[in-house]
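Notes follow the structure.
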Amino acid sequence: MAFRDGDGWVYCTCGHRHWGLHGAAGLLLIRLDMSEPHVLLQLRAAWTHGGGTWALPGGALDSHEDSIAAAKREAQEEAGIEESKFLVRDVFSDDHGPWRYDTVIAHAHGEIGAFAANAESDDLQWVALSSVGSFELHAGLAGAWPQLHERVLSTL
């Protein structure tokens, strides 16, 4: 079994360059104990792919991981989120042929202690679900957000 063999760039059938030799995944964490649902957004560090934009904690899948395992690992590495603090509800796939990004939708009930746990995160914020689209989102998240937003609503 390979340990960390997913880092690297690939091109999809549309000619776009994507991070993750085996695809990528991220955690869309929804906090349900506030006046309205809030989503945890990560401000990507300037040196990262899509730096300076808001995204989800996430990254490349390794060959031995499924999307849920990868999203959990990345959320721990980038935002210090322990998997015992949330419940996975759904997975949304943005499929680009030979490459895809899976968004793992999960629910949390209360403060989970998220923080910028490594150099890939400049900030983390809980953002009202209705306000996510007003942020300067990473291109991949911005493109998927209309469909992803509908999928999130169906999990509430």
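Ligands are numbered from 1 in the order shown, chains are lettered A, B, ... in the order of the structure tokens, and residues start at 1 in each chain.
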Inset, instruction - Would you please extract all strand (DSSP E or B) residues from chain A, as assigned by DSSP on the backbone, and give them as a PyMOL selection string? - result: chain A and resi 9-11+17-19+21+23-31+38-44+54-55+58-60+87-95+100-108+121-128+137
Give me the residues near Ala114 (chain A) as a short mmCIF file (atom, residue, chain, number, x, y, z; two decimals) with C-alpha atoms, in the first residue's frame, where near means some atom within 7 Å (using only C-alpha atoms) and where sequence neighbours in that chain fewer than 4 positions away do not count.
```cif
data_model
loop_
_atom_site.label_atom_id
_atom_site.label_comp_id
_atom_site.auth_asym_id
_atom_site.auth_seq_id
_atom_site.Cartn_x
_atom_site.Cartn_y
_atom_site.Cartn_z
CA ALA A 79 -7.90 22.63 9.88
CA GLY A 80 -7.26 20.39 12.90
CA ILE A 81 -10.72 18.84 12.59
#
```
Legend entry - Nearest-residue call for Gly15 (chain A), choices A:His96, A:His107, A:His149, A:His138, using only C-alpha atoms: A:His96
Legend entry - Å distance separating CA of Ala144 (chain A) from CA of His22 (chain A), one decimal place: 19.3 Å
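Minimum atom-to-atom distance to Phe135 (chain A), evaluated using only C-alpha atoms, belongs to A:Gln42 out of A:Thr13, A:Gln147, A:Gln42, A:Ser35.
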Can I get the residues of region 39-141 of chain A within 9 Å of region 29-34 of chain A, each with the closest pair of atoms and their distance in Å to one decimal, using only C-alpha atoms, sorted chain first then ascending number, as a Markdown table?
```
| residue | atom | partner | partner_atom | distance |
| --- | --- | --- | --- | --- |
| A:Val39 | CA | A:Ile30 | CA | 4.7 |
| A:Leu40 | CA | A:Leu29 | CA | 5.7 |
| A:Leu41 | CA | A:Leu29 | CA | 8.5 |
| A:Leu56 | CA | A:Leu29 | CA | 8.5 |
| A:Phe86 | CA | A:Leu29 | CA | 7.8 |
| A:Val88 | CA | A:Leu29 | CA | 8.8 |
| A:Val104 | CA | A:Leu29 | CA | 8.1 |
| A:Ile105 | CA | A:Leu29 | CA | 6.1 |
| A:Ala106 | CA | A:Leu29 | CA | 5.0 |
| A:His107 | CA | A:Ile30 | CA | 4.8 |
| A:Ala108 | CA | A:Arg31 | CA | 4.8 |
| A:His109 | CA | A:Asp33 | CA | 5.4 |
| A:Gly110 | CA | A:Asp33 | CA | 5.7 |
| A:Glu111 | CA | A:Arg31 | CA | 8.0 |
| A:Trp126 | CA | A:Arg31 | CA | 8.0 |
| A:Leu129 | CA | A:Ile30 | CA | 8.3 |
```
Since we have the selection now, will you write its residues out, keeping C-alpha atoms, as a short mmCIF file (atom, residue, chain, number, x, y, z; two decimals), in the first residue's frame?
```
data_model
loop_
_atom_site.label_atom_id
_atom_site.label_comp_id
_atom_site.auth_asym_id
_atom_site.auth_seq_id
_atom_site.Cartn_x
_atom_site.Cartn_y
_atom_site.Cartn_z
CA VAL A 39 -20.18 26.31 6.31
CA LEU A 40 -16.50 26.18 7.27
CA LEU A 41 -14.45 27.97 4.60
CA LEU A 56 -12.83 23.76 1.58
CA PHE A 86 -18.82 15.43 12.50
CA VAL A 88 -20.76 12.36 6.95
CA VAL A 104 -17.80 15.16 1.37
CA ILE A 105 -20.79 16.87 2.99
CA ALA A 106 -20.86 16.49 6.77
CA HIS A 107 -22.79 17.92 9.72
CA ALA A 108 -21.42 19.23 13.01
CA HIS A 109 -23.43 20.23 16.08
CA GLY A 110 -21.36 22.81 17.90
CA GLU A 111 -17.90 24.30 17.92
CA TRP A 126 -17.82 29.86 9.62
CA LEU A 129 -24.78 29.04 3.92
#
```
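Taking CA of Tyr11 (chain A) and CA of Trp99 (chain A) as endpoints, the distance between them is 7.7 Å.
Proximity to Ile112 (chain A) was assessed for A:His18, A:Arg100, A:Lys85, A:Arg4 counting only C-alpha atoms; the smallest distance is recorded for A:Lys85.
Picture a line from CA of Leu43 (chain A) to CA of Glu77 (chain A); it runs 14.5 Å.
Counting only C-alpha atoms and comparing A:Gly8, A:Arg89, A:Ala70, A:Asp62, the residue that lies closest to Leu153 (chain A) is A:Arg89.
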Inset, instruction - List the neighbours of Ala142 (chain A) out to 10 Å using only C-alpha atoms; skip same-chain residues closer than 6 positions along the sequence, and give me the result as a count of residues only. - result: 8
